[in-house]
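Here's protein.txt, which has compact mmCIF, C-alpha atoms:
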# COMPACT_ATOMS: atom_id res chain seq x y z
CA MET A 93 0.00 0.00 0.00
CA LYS A 94 0.96 3.61 -0.61
CA ILE A 95 0.01 5.61 2.46
CA LEU A 96 -0.29 9.35 3.18
CA ILE A 97 -0.27 10.66 6.77
CA LEU A 98 -1.46 14.23 7.34
CA GLY A 99 0.26 16.23 10.11
CA SER A 100 3.63 17.32 11.43
CA GLY A 101 3.84 16.51 15.14
CA GLY A 102 4.99 13.79 17.49
CA ARG A 103 1.73 11.93 16.92
CA GLU A 104 2.35 11.78 13.18
CA HIS A 105 5.99 10.72 13.61
CA THR A 106 4.78 7.86 15.83
CA PHE A 107 2.21 6.79 13.24
CA ALA A 108 4.87 6.96 10.54
CA TYR A 109 7.30 4.90 12.65
CA LYS A 110 4.71 2.13 13.17
CA ILE A 111 3.33 2.18 9.63
CA ALA A 112 6.84 2.02 8.10
CA GLN A 113 7.42 -1.26 10.00
CA SER A 114 4.58 -2.99 8.15
CA PRO A 115 5.40 -5.27 5.21
CA LYS A 116 2.13 -3.98 3.72
CA CYS A 117 3.58 -0.44 3.44
CA GLU A 118 5.13 0.00 0.01
CA LYS A 119 5.57 3.80 0.15
CA LEU A 120 4.92 6.27 2.96
CA TYR A 121 4.33 10.01 2.59
CA ILE A 122 3.95 12.50 5.46
CA ALA A 123 2.46 15.94 4.82
CA PRO A 124 4.12 18.14 5.90
CA GLY A 125 6.07 15.96 8.38
CA ASN A 126 9.13 17.03 10.37
CA ALA A 127 12.85 16.23 10.67
CA GLY A 128 12.06 12.86 12.28
CA THR A 129 9.53 11.60 9.73
CA LEU A 130 12.23 12.01 7.06
CA ASN A 131 13.86 8.89 8.51
CA VAL A 132 10.83 6.65 7.90
CA GLY A 133 9.12 8.13 4.85
CA GLU A 134 9.02 11.02 2.39
CA ASN A 135 7.94 14.46 3.56
CA VAL A 136 5.59 16.36 1.26
CA SER A 137 5.03 20.10 1.49
CA LEU A 138 1.24 20.03 1.54
CA ASN A 139 -0.97 22.11 3.82
CA VAL A 140 -3.35 19.88 5.84
CA GLY A 141 -6.16 22.34 5.04
CA ASP A 142 -5.56 22.31 1.27
CA PHE A 143 -8.05 19.57 0.34
CA SER A 144 -7.71 20.09 -3.43
CA GLY A 145 -3.91 19.88 -3.21
CA ILE A 146 -4.20 16.71 -1.12
CA LYS A 147 -6.60 15.20 -3.67
CA ASP A 148 -4.24 15.99 -6.56
CA PHE A 149 -1.32 14.41 -4.69
CA ILE A 150 -3.32 11.25 -3.87
CA ILE A 151 -4.25 10.84 -7.54
CA GLU A 152 -0.73 11.60 -8.82
CA LYS A 153 0.96 9.12 -6.45
CA ASN A 154 -1.79 6.46 -6.50
CA VAL A 155 -2.15 6.67 -2.70
CA ASP A 156 -4.23 3.80 -1.28
CA MET A 157 -4.81 5.01 2.28
CA LEU A 158 -5.09 8.41 3.96
CA VAL A 159 -4.44 8.64 7.73
CA VAL A 160 -5.52 11.99 9.18
CA GLY A 161 -3.50 12.96 12.28
CA PRO A 162 -4.80 16.35 13.52
CA GLU A 163 -8.37 17.39 14.35
CA ASP A 164 -8.58 20.52 12.20
CA PRO A 165 -8.93 18.87 8.75
CA LEU A 166 -11.40 16.34 10.23
CA VAL A 167 -13.62 19.05 11.70
CA LYS A 168 -13.43 20.91 8.37
CA GLY A 169 -14.62 17.79 6.54
CA ILE A 170 -11.68 16.21 4.71
CA THR A 171 -13.28 12.74 4.90
CA ASP A 172 -16.52 13.98 3.30
CA PHE A 173 -14.52 15.88 0.67
CA CYS A 174 -12.53 12.78 -0.34
CA LYS A 175 -15.59 10.52 -0.33
CA GLY A 176 -17.39 13.01 -2.57
CA GLU A 177 -14.66 12.85 -5.23
CA PRO A 178 -15.29 10.12 -7.88
CA ASP A 179 -11.51 9.92 -8.53
CA LEU A 180 -10.95 8.90 -4.89
CA LYS A 181 -13.69 6.26 -4.64
CA ASP A 182 -11.20 3.48 -3.76
CA LEU A 183 -9.24 5.54 -1.19
CA LEU A 184 -9.26 4.10 2.34
CA ILE A 185 -9.63 6.90 4.90
CA VAL A 186 -8.81 6.71 8.61
CA GLY A 187 -10.71 9.61 10.18
CA PRO A 188 -14.39 10.35 10.84
CA SER A 189 -16.79 12.38 8.72
CA LYS A 190 -17.43 16.04 9.48
CA ARG A 191 -20.54 15.07 11.45
CA GLY A 192 -18.55 12.54 13.48
CA ALA A 193 -15.80 15.11 14.08
CA LEU A 194 -18.33 17.48 15.68
CA LEU A 195 -17.81 15.45 18.88
CA GLU A 196 -14.55 17.38 19.14
CA GLY A 197 -15.46 20.40 17.03
CA SER A 198 -18.27 21.44 19.39
CA LYS A 199 -18.21 20.93 23.18
CA GLU A 200 -21.96 21.57 23.19
CA ARG A 201 -22.61 18.82 20.62
CA ALA A 202 -20.45 16.41 22.66
CA LYS A 203 -22.45 17.19 25.81
CA GLU A 204 -25.77 16.73 23.99
CA PHE A 205 -24.56 13.40 22.58
CA MET A 206 -23.58 12.20 26.07
CA ALA A 207 -26.96 13.25 27.47
CA MET A 208 -28.78 11.46 24.64
CA TYR A 209 -26.99 8.15 25.31
CA GLN A 210 -26.81 8.46 29.14
CA ILE A 211 -23.01 8.66 29.17
CA PRO A 212 -21.79 9.94 32.57
CA THR A 213 -20.40 13.49 32.44
CA ALA A 214 -20.43 16.75 34.44
CA ALA A 215 -23.60 18.88 34.53
CA TYR A 216 -23.34 21.85 32.13
CA GLU A 217 -25.00 24.79 30.37
CA SER A 218 -23.84 26.64 27.25
CA PHE A 219 -23.96 30.38 26.61
CA THR A 220 -23.41 32.93 23.81
CA ILE A 221 -22.88 36.72 23.84
CA GLU A 222 -26.68 37.12 23.94
CA SER A 223 -26.92 35.05 27.11
CA LEU A 224 -23.80 36.44 28.84
CA GLU A 225 -25.74 37.67 31.89
CA ALA A 226 -27.51 34.31 32.21
CA GLY A 227 -24.05 32.70 32.14
CA LYS A 228 -22.89 34.89 35.02
CA THR A 229 -26.02 33.95 36.96
CA PHE A 230 -25.41 30.26 36.25
CA LEU A 231 -21.87 30.59 37.64
CA GLU A 232 -23.41 31.83 40.91
CA THR A 233 -25.29 28.50 41.25
CA LEU A 234 -22.03 26.50 41.12
CA SER A 235 -19.32 25.95 43.70
CA ALA A 236 -15.68 26.75 42.95
CA PRO A 237 -13.65 25.84 40.98
CA TYR A 238 -15.46 27.04 37.83
CA VAL A 239 -14.86 25.33 34.48
CA LEU A 240 -15.21 27.40 31.28
CA LYS A 241 -14.73 25.72 27.90
CA ALA A 242 -14.61 27.36 24.48
CA ASP A 243 -17.13 25.45 22.36
CA GLY A 244 -14.90 25.24 19.26
CA LEU A 245 -11.33 24.14 18.53
CA ALA A 246 -8.73 26.11 20.47
CA ALA A 247 -5.65 23.88 20.03
CA GLY A 248 -6.09 22.33 23.47
CA LYS A 249 -5.95 25.71 25.22
CA GLY A 250 -9.64 26.70 25.37
CA VAL A 251 -10.37 25.45 28.91
CA LEU A 252 -10.14 27.65 32.01
CA ILE A 253 -10.44 26.35 35.58
CA LEU A 254 -10.84 29.24 38.02
CA ASN A 255 -11.27 29.40 41.79
CA ASP A 256 -12.70 32.91 42.08
CA LEU A 257 -16.31 33.71 41.07
CA ALA A 258 -15.57 37.31 40.05
CA GLU A 259 -12.63 36.15 37.91
CA ALA A 260 -14.81 33.44 36.32
CA LYS A 261 -17.41 36.10 35.36
CA THR A 262 -14.68 38.36 33.91
CA GLU A 263 -13.17 35.48 31.89
CA LEU A 264 -16.63 34.46 30.60
CA GLU A 265 -17.02 38.02 29.33
CA ASN A 266 -13.49 37.89 27.86
CA MET A 267 -14.34 34.71 25.98
CA LEU A 268 -17.76 35.75 24.67
CA LYS A 269 -17.37 39.52 24.23
CA ASN A 270 -13.65 39.96 23.59
CA GLN A 271 -13.16 36.65 21.74
CA LYS A 272 -10.32 35.48 23.98
CA PHE A 273 -10.10 32.27 21.91
CA GLY A 274 -11.35 33.80 18.66
CA GLU A 275 -14.27 32.09 16.92
CA ALA A 276 -13.82 29.06 19.19
CA SER A 277 -15.29 30.99 22.13
CA ALA A 278 -18.34 32.46 20.35
CA LYS A 279 -20.11 29.90 22.51
CA VAL A 280 -18.89 28.81 25.96
CA VAL A 281 -19.81 25.69 27.90
CA ILE A 282 -19.78 26.14 31.68
CA GLU A 283 -19.68 22.89 33.59
CA GLU A 284 -19.61 21.50 37.08
CA PHE A 285 -16.09 20.78 38.35
CA LEU A 286 -15.37 17.11 38.95
CA ASP A 287 -12.67 16.35 41.50
CA GLY A 288 -10.65 13.24 40.71
CA ILE A 289 -7.75 11.87 38.69
CA GLU A 290 -7.70 11.97 34.89
CA LEU A 291 -6.91 9.31 32.31
CA SER A 292 -7.45 8.78 28.60
CA VAL A 293 -8.98 5.78 26.86
CA PHE A 294 -8.43 5.36 23.12
CA VAL A 295 -10.90 3.49 20.97
CA LEU A 296 -10.50 2.50 17.34
CA THR A 297 -13.86 2.03 15.62
CA ASP A 298 -15.32 1.44 12.17
CA GLY A 299 -18.61 2.92 13.42
CA LYS A 300 -19.93 -0.50 14.42
CA ASN A 301 -17.09 -2.63 15.77
CA TYR A 302 -14.46 -1.29 18.14
CA LYS A 303 -11.13 -2.09 19.78
CA ILE A 304 -9.94 -0.51 23.01
CA LEU A 305 -6.29 0.55 22.80
CA PRO A 306 -3.95 0.87 25.80
CA THR A 307 -4.89 3.50 28.40
CA ALA A 308 -2.68 6.55 28.96
CA LYS A 309 -2.32 9.49 31.30
CA ASP A 310 -0.83 12.76 30.10
CA TYR A 311 0.44 15.79 31.96
CA LYS A 312 -0.93 19.06 30.60
CA ARG A 313 0.48 21.78 32.86
CA ILE A 314 3.85 23.37 32.18
CA GLY A 315 5.02 23.34 35.81
CA GLU A 316 6.01 20.64 38.27
CA GLY A 317 3.16 19.32 40.40
CA ASP A 318 0.67 20.21 37.64
CA THR A 319 1.00 23.97 38.08
CA GLY A 320 1.12 26.84 35.62
CA LEU A 321 -0.37 27.18 32.16
CA ASN A 322 -1.97 24.41 30.11
CA THR A 323 0.12 23.01 27.26
CA GLY A 324 -0.47 20.50 24.49
CA GLY A 325 1.01 17.90 26.86
CA MET A 326 4.34 17.52 28.68
CA GLY A 327 4.54 13.74 28.76
CA ALA A 328 2.51 10.56 29.16
CA ILE A 329 2.41 7.16 30.85
CA SER A 330 0.80 3.91 29.62
CA PRO A 331 -0.88 1.86 30.98
CA VAL A 332 -2.55 3.90 33.74
CA PRO A 333 -1.74 2.05 37.01
CA PHE A 334 -5.14 2.74 38.61
CA ALA A 335 -7.15 1.64 35.54
CA ASP A 336 -7.84 -1.84 36.92
CA ALA A 337 -10.19 -4.45 35.46
CA GLU A 338 -13.16 -3.14 37.47
CA LEU A 339 -12.73 0.46 36.26
CA MET A 340 -12.11 -0.65 32.67
CA GLN A 341 -15.32 -2.74 32.71
CA LYS A 342 -17.29 0.34 33.85
CA ILE A 343 -15.65 2.44 31.14
CA GLU A 344 -16.47 -0.10 28.44
CA GLU A 345 -20.06 -0.71 29.54
CA ARG A 346 -21.08 2.83 30.46
CA ILE A 347 -18.99 4.88 28.02
CA VAL A 348 -17.36 3.02 25.10
CA LYS A 349 -20.36 0.86 24.10
CA PRO A 350 -22.96 3.66 24.34
CA THR A 351 -20.63 5.99 22.38
CA VAL A 352 -20.19 3.52 19.50
CA ASN A 353 -23.88 2.57 19.63
CA GLY A 354 -24.77 6.27 19.42
CA LEU A 355 -22.66 6.64 16.27
CA THR A 356 -24.38 3.59 14.75
CA GLU A 357 -27.85 4.79 15.76
CA GLU A 358 -27.29 8.22 14.23
CA ASN A 359 -25.84 6.60 11.11
CA ILE A 360 -22.63 8.62 11.47
CA ASP A 361 -19.76 7.66 9.16
CA TYR A 362 -17.03 7.15 11.73
CA LYS A 363 -13.94 5.14 10.85
CA GLY A 364 -11.07 6.18 13.06
CA PHE A 365 -10.05 6.98 16.61
CA ILE A 366 -12.11 8.21 19.54
CA PHE A 367 -10.01 9.67 22.31
CA ILE A 368 -12.11 9.71 25.49
CA GLY A 369 -10.79 12.09 28.15
CA LEU A 370 -11.99 10.71 31.49
CA ILE A 371 -11.90 11.54 35.16
CA LYS A 372 -12.20 8.97 37.92
CA VAL A 373 -14.24 10.41 40.79
CA GLY A 374 -14.15 7.97 43.69
CA LYS A 375 -14.58 4.68 41.85
CA GLU A 376 -16.69 6.05 38.99
CA PRO A 377 -15.60 7.20 35.51
CA TYR A 378 -16.99 10.38 33.90
CA VAL A 379 -16.29 11.79 30.42
CA ILE A 380 -14.57 15.18 30.35
CA GLU A 381 -14.35 15.40 26.55
CA TYR A 382 -14.17 13.54 23.28
CA ASN A 383 -11.43 14.02 20.70
CA VAL A 384 -11.80 12.49 17.25
CA ARG A 385 -8.16 11.52 16.71
CA MET A 386 -5.27 10.18 18.74
CA GLY A 387 -3.84 12.43 21.46
CA ASP A 388 -0.38 13.91 21.57
CA PRO A 389 1.80 12.96 23.52
CA GLU A 390 -0.34 9.89 24.37
CA THR A 391 0.18 8.45 20.88
CA GLU A 392 3.90 8.24 21.68
CA VAL A 393 3.19 5.72 24.48
CA VAL A 394 0.06 3.99 23.10
CA LEU A 395 1.13 3.07 19.54
CA PRO A 396 4.58 1.70 20.49
CA ARG A 397 2.73 -0.81 22.72
CA VAL A 398 0.62 -2.07 19.79
CA LYS A 399 2.41 -5.15 18.41
CA SER A 400 -0.09 -5.90 15.63
CA ASP A 401 0.55 -4.75 12.04
CA LEU A 402 -0.82 -1.20 12.18
CA VAL A 403 -1.43 -0.98 8.42
CA GLU A 404 -3.63 -4.06 8.51
CA VAL A 405 -5.54 -2.75 11.55
CA LEU A 406 -6.10 0.69 9.94
CA ALA A 407 -7.12 -0.82 6.59
CA LYS A 408 -9.70 -3.07 8.27
CA THR A 409 -11.01 -0.02 10.17
CA ALA A 410 -11.45 1.96 6.95
CA GLU A 411 -13.13 -1.05 5.28
CA GLY A 412 -15.60 -1.48 8.15
CA LYS A 413 -14.16 -4.88 9.05
CA LEU A 414 -12.43 -4.15 12.36
CA ASN A 415 -13.97 -7.33 13.80
CA GLU A 416 -11.61 -9.33 11.54
CA VAL A 417 -8.43 -8.29 13.37
CA ASP A 418 -7.03 -8.94 16.83
CA LEU A 419 -4.95 -6.38 18.68
CA GLU A 420 -1.78 -7.67 20.28
CA ILE A 421 -0.48 -5.37 23.02
CA ASP A 422 2.99 -5.22 24.61
CA GLU A 423 2.54 -5.89 28.34
CA ARG A 424 5.39 -3.54 29.28
CA ALA A 425 4.80 0.02 30.43
CA ALA A 426 5.80 2.93 28.18
CA THR A 427 6.51 6.54 29.15
CA THR A 428 7.32 9.63 27.13
CA VAL A 429 8.90 12.90 28.26
CA MET A 430 8.29 15.99 26.12
CA MET A 431 11.14 18.45 25.65
CA VAL A 432 9.86 21.95 24.93
CA SER A 433 11.18 25.35 23.87
CA GLY A 434 11.98 27.89 26.61
CA GLY A 435 8.97 30.19 27.12
CA TYR A 436 6.42 27.64 25.85
CA PRO A 437 3.35 27.69 25.99
CA GLU A 438 3.76 31.44 25.57
CA ALA A 439 6.26 33.16 23.25
CA TYR A 440 9.31 31.07 22.34
CA GLU A 441 12.12 31.15 19.80
CA LYS A 442 12.63 28.69 16.94
CA ALA A 443 15.62 27.49 14.90
CA LYS A 444 17.71 26.33 17.90
CA GLU A 445 20.06 23.50 16.91
CA ILE A 446 19.31 20.16 18.60
CA THR A 447 22.35 18.04 19.44
CA GLY A 448 22.87 14.57 20.89
CA ILE A 449 20.17 12.70 18.97
CA GLU A 450 22.79 10.21 17.74
CA ASN A 451 23.74 9.45 21.37
CA VAL A 452 20.34 7.95 22.18
CA ASN A 453 20.49 4.16 22.16
CA VAL A 454 17.69 2.93 19.88
CA GLU A 455 17.50 -0.29 21.91
CA ASP A 456 16.84 1.83 24.99
CA ALA A 457 14.55 4.65 23.83
CA LEU A 458 12.53 5.96 20.88
CA ILE A 459 12.82 9.57 19.74
CA PHE A 460 9.69 11.12 18.25
CA HIS A 461 10.09 14.54 16.68
CA ALA A 462 7.31 17.08 17.20
CA GLY A 463 8.38 20.67 16.44
CA THR A 464 11.56 20.08 14.42
CA THR A 465 12.79 20.78 10.92
CA LEU A 466 16.00 20.45 8.90
CA LYS A 467 17.99 23.62 8.27
CA ASP A 468 21.34 23.52 6.48
CA GLY A 469 21.55 19.80 7.23
CA LYS A 470 21.01 20.33 10.96
CA VAL A 471 17.96 19.40 13.06
CA VAL A 472 16.55 22.58 14.63
CA THR A 473 13.56 23.48 16.78
CA ASN A 474 10.42 24.52 14.91
CA GLY A 475 7.71 24.58 17.56
CA GLY A 476 6.84 24.75 21.25
CA ARG A 477 6.90 21.02 21.87
CA VAL A 478 10.08 19.78 20.24
CA ILE A 479 10.91 16.11 20.92
CA ALA A 480 9.30 13.25 22.84
CA VAL A 481 11.54 10.57 24.36
CA THR A 482 9.74 7.24 24.84
CA ALA A 483 11.06 4.23 26.76
CA PHE A 484 9.72 0.86 27.96
CA GLY A 485 9.99 -0.74 31.38
CA GLU A 486 8.47 -3.45 33.56
CA ASP A 487 6.49 -0.65 35.21
CA TYR A 488 6.11 3.09 34.62
CA LYS A 489 8.81 3.98 37.17
CA GLN A 490 11.42 1.90 35.35
CA ALA A 491 10.30 3.27 31.97
CA LEU A 492 10.43 6.87 33.23
CA LYS A 493 13.95 6.36 34.53
CA LYS A 494 15.04 5.30 31.02
CA SER A 495 13.16 8.18 29.35
CA TYR A 496 14.88 10.70 31.63
CA GLN A 497 18.32 9.11 31.15
CA ASN A 498 17.94 9.59 27.39
CA VAL A 499 16.50 13.10 27.66
CA GLU A 500 19.79 14.06 29.34
CA LYS A 501 21.67 13.11 26.14
CA LEU A 502 19.83 15.78 24.12
CA GLN A 503 20.45 19.49 24.14
CA PHE A 504 19.16 22.73 22.64
CA ASP A 505 19.13 26.33 23.85
CA LYS A 506 16.57 26.98 26.66
CA MET A 507 15.39 23.34 26.56
CA TYR A 508 12.81 22.53 29.27
CA PHE A 509 11.04 19.36 30.43
CA ARG A 510 9.08 18.30 33.50
CA LYS A 511 11.07 16.14 35.91
CA ASP A 512 8.09 14.94 37.98
CA LEU A 513 5.94 12.86 35.62
CA GLY A 514 4.04 10.18 37.49
CA PHE A 515 4.21 12.19 40.74
CA ASP A 516 0.47 11.65 41.35
CA LEU A 517 0.61 7.87 40.82
CA ALA A 518 2.99 6.88 43.62
structure tokens encoding of this file:
Amino acid sequence: MKILILGSGGREHTFAYKIAQSPKCEKLYIAPGNAGTLNVGENVSLNVGDFSGIKDFIIEKNVDMLVVGPEDPLVKGITDFCKGEPDLKDLLIVGPSKRGALLEGSKERAKEFMAMYQIPTAAYESFTIESLEAGKTFLETLSAPYVLKADGLAAGKGVLILNDLAEAKTELENMLKNQKFGEASAKVVIEEFLDGIELSVFVLTDGKNYKILPTAKDYKRIGEGDTGLNTGGMGAISPVPFADAELMQKIEERIVKPTVNGLTEENIDYKGFIFIGLIKVGKEPYVIEYNVRMGDPETEVVLPRVKSDLVEVLAKTAEGKLNEVDLEIDERAATTVMMVSGGYPEAYEKAKEITGIENVNVEDALIFHAGTTLKDGKVVTNGGRVIAVTAFGEDYKQALKKSYQNVEKLQFDKMYFRKDLGFDLA
């Protein structure tokens, strides 16, 4: 098969790494890719939002399968676009339709879907500029902390958790009136705060059948002890130590099955990943959010644990025959530590040379590039999150030790990483 992956981050490098291992992969393209994907496939300078350009490339190169990494093209309808093109009628696509992608594209839609199928989640209301005052009144009915979520896509940064009522009212006004998150916050979902510990469950579905992938826990805040600003993710651990058989049975019965059944019932074309962000409150799981693709940096610990041929699994998903494959999972734990640019998630500099990559022992750790590019033959930084270092171990503590040992071999100006991953699991 000739395969095209859309995206340029650590998630896409991980997909490329796994797909390139398959004997079924004849040629692999990554658009636009990064300095790491160059080692496993061919980078193509295509914009993930340029659907016509992507179509032309697929036709020119006789691409058999399209794997969509990021959420933006899914929410904008790339799957529907490709399926509507007679020239692409045989193309296998991993990624839901525009209607399916609304589960991530609109927080309000996700909440309505959960209510419809009795999927446990926090109580909520949604508000627009017209109902700003009603939103402030609703905040008064809640106890602190207050959770405000931009309805649309905000690159993982559209959620505010605030302890002060006056500040929550001010921020609601900022979001609705002053467009703090642009168009994404034209509507804001305010929800009850759930106090517990978070985890992520990843499901691969063809809209009818499903497979549950390894669990993962990521660390969103920039500072040690989960303090400071939200980021795209500073590292991840898989499996989640507290996700025992009892909790996983509850998650499957109360959340995964009703979610997939809801897609089937509404006749939604959904062939791809569902990332379910969960919180465990006491012994009970609740859904915080849906994403319609794999997470980043969770992909960097989940996919390396999948031993099955990923191309075969993805092809069966796209064909609606996921029931025909078995998933074989590595029993070992995997951890990834994200190295980021100084200043991230706020202003940061690019084009800093990265050294020491050749010192990492490939038997010991996997390097997944996120924000990197090649400049004058050198690997340089090209984003906020730069490189993820993944390692295996008998448990997450052993794996983390190896990840950190290999992080120390890498260097770039103002490099930063969290040294306390797993602190809340001990």
Q) Between A:Gly176, A:Pro377, A:Gly514, A:Gly325, which is the closest to A:Glu338 once you count all atoms listed in the file? A) A:Pro377
Q.
Can you pull out the residues contacting stretch 496-511 of chain A? Cut-off 10 Å, using all atoms listed in the file, and skip same-chain residues under 5 positions away; I want them as a PyMOL selection string.
A. chain A and resi 311+313-318+326-327+427-436+440-453+456-459+472-473+477-483+491
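Of the listed residues A:Asn353, A:Asn359, A:Thr307, A:Asn131, the one whose atoms come nearest to A:Leu339 is A:Thr307, with distances taken using only C-alpha atoms.
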Q. Could you pull the residues within 8 Å of stretch 349-351 of chain A, counting all atoms listed in the file, minus those fewer than 2 positions along the same chain, as number ranges by chain?
A. A: 206, 209-211, 344-347, 353-355
Q.
Counting all atoms listed in the file, which residue out of A:Ala112, A:Leu286, A:Ile371, A:Ile253 sits closest to A:Leu130?
A. A:Ala112
Q.
Which residues are close to A:Gly364, i.e. within 10 Å by only C-alpha atoms, leaving aside same-chain residues fewer than 3 positions away? Reply as number ranges by chain.
A. A: 159-160, 185-189, 192, 295-299, 302, 361, 367, 384-386, 406, 409-410
Could you take the residues named above and write them with C-alpha atoms, as a PDB file, keeping the file's coordinate frame?
ATOM      1  CA  VAL A 159      -4.440   8.640   7.730  1.00  0.00           C
ATOM      2  CA  VAL A 160      -5.520  11.990   9.180  1.00  0.00           C
ATOM      3  CA  ILE A 185      -9.630   6.900   4.900  1.00  0.00           C
ATOM      4  CA  VAL A 186      -8.810   6.710   8.610  1.00  0.00           C
ATOM      5  CA  GLY A 187     -10.710   9.610  10.180  1.00  0.00           C
ATOM      6  CA  PRO A 188     -14.390  10.350  10.840  1.00  0.00           C
ATOM      7  CA  SER A 189     -16.790  12.380   8.720  1.00  0.00           C
ATOM      8  CA  GLY A 192     -18.550  12.540  13.480  1.00  0.00           C
ATOM      9  CA  VAL A 295     -10.900   3.490  20.970  1.00  0.00           C
ATOM     10  CA  LEU A 296     -10.500   2.500  17.340  1.00  0.00           C
ATOM     11  CA  THR A 297     -13.860   2.030  15.620  1.00  0.00           C
ATOM     12  CA  ASP A 298     -15.320   1.440  12.170  1.00  0.00           C
ATOM     13  CA  GLY A 299     -18.610   2.920  13.420  1.00  0.00           C
ATOM     14  CA  TYR A 302     -14.460  -1.290  18.140  1.00  0.00           C
ATOM     15  CA  ASP A 361     -19.760   7.660   9.160  1.00  0.00           C
ATOM     16  CA  PHE A 367     -10.010   9.670  22.310  1.00  0.00           C
ATOM     17  CA  VAL A 384     -11.800  12.490  17.250  1.00  0.00           C
ATOM     18  CA  ARG A 385      -8.160  11.520  16.710  1.00  0.00           C
ATOM     19  CA  MET A 386      -5.270  10.180  18.740  1.00  0.00           C
ATOM     20  CA  LEU A 406      -6.100   0.690   9.940  1.00  0.00           C
ATOM     21  CA  THR A 409     -11.010  -0.020  10.170  1.00  0.00           C
ATOM     22  CA  ALA A 410     -11.450   1.960   6.950  1.00  0.00           C
TER      23      ALA A 410
END
Q) Within 8 Å of A:Gly485, counting all atoms listed in the file, which residues qualify if same-chain residues fewer than 3 places away don't, as JSON, numbers by chain? A) {"A": [424, 425, 426, 488, 489, 490, 491, 492, 494]}
Could you take the residues named above and write them with C-alpha atoms, as an mmCIF file, in the coordinates of the input?
data_model
loop_
_atom_site.group_PDB
_atom_site.id
_atom_site.type_symbol
_atom_site.label_atom_id
_atom_site.label_comp_id
_atom_site.auth_asym_id
_atom_site.auth_seq_id
_atom_site.Cartn_x
_atom_site.Cartn_y
_atom_site.Cartn_z
ATOM 1 C CA ARG A 424 5.390 -3.540 29.280
ATOM 2 C CA ALA A 425 4.800 0.020 30.430
ATOM 3 C CA ALA A 426 5.800 2.930 28.180
ATOM 4 C CA TYR A 488 6.110 3.090 34.620
ATOM 5 C CA LYS A 489 8.810 3.980 37.170
ATOM 6 C CA GLN A 490 11.420 1.900 35.350
ATOM 7 C CA ALA A 491 10.300 3.270 31.970
ATOM 8 C CA LEU A 492 10.430 6.870 33.230
ATOM 9 C CA LYS A 494 15.040 5.300 31.020
#
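The smallest atom-to-atom distance between A:Glu416 and any of A:Lys303, A:Lys168, A:Lys181, A:Lys228, using only C-alpha atoms, is found for A:Lys303.
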Q | Coordinates-based distance that separates atom CA of A:Leu419 from atom CA of A:Gly387 (Å, one decimal) | A | 19.0 Å
Starting from the incomplete input, reconstruct N, CA, C and O atoms of stretch 439-447 of chain A and write that as a tab-separated table (two decimals), in the coordinates of the input.
chain	number	residue	atom	x	y	z
A	439	ALA	N	5.31	32.87	24.34
A	439	ALA	CA	6.26	33.16	23.25
A	439	ALA	C	7.56	32.37	23.41
A	439	ALA	O	8.08	32.23	24.52
A	440	TYR	N	8.05	31.82	22.32
A	440	TYR	CA	9.31	31.07	22.34
A	440	TYR	C	10.03	31.28	21.01
A	440	TYR	O	9.42	31.68	20.01
A	441	GLU	N	11.31	30.99	21.02
A	441	GLU	CA	12.12	31.15	19.80
A	441	GLU	C	12.24	29.82	19.06
A	441	GLU	O	12.15	28.75	19.68
A	442	LYS	N	12.43	29.89	17.76
A	442	LYS	CA	12.63	28.69	16.94
A	442	LYS	C	14.07	28.66	16.42
A	442	LYS	O	14.87	29.53	16.70
A	443	ALA	N	14.35	27.63	15.62
A	443	ALA	CA	15.62	27.49	14.90
A	443	ALA	C	16.83	27.28	15.83
A	443	ALA	O	17.95	27.66	15.50
A	444	LYS	N	16.60	26.68	17.01
A	444	LYS	CA	17.71	26.33	17.90
A	444	LYS	C	18.22	24.93	17.53
A	444	LYS	O	17.42	23.99	17.43
A	445	GLU	N	19.52	24.80	17.33
A	445	GLU	CA	20.06	23.50	16.91
A	445	GLU	C	19.91	22.46	18.03
A	445	GLU	O	20.17	22.74	19.21
A	446	ILE	N	19.48	21.26	17.65
A	446	ILE	CA	19.31	20.16	18.60
A	446	ILE	C	20.49	19.20	18.43
A	446	ILE	O	20.75	18.71	17.33
A	447	THR	N	21.20	18.95	19.52
A	447	THR	CA	22.35	18.04	19.44
A	447	THR	C	22.14	16.83	20.34
A	447	THR	O	21.32	16.85	21.26
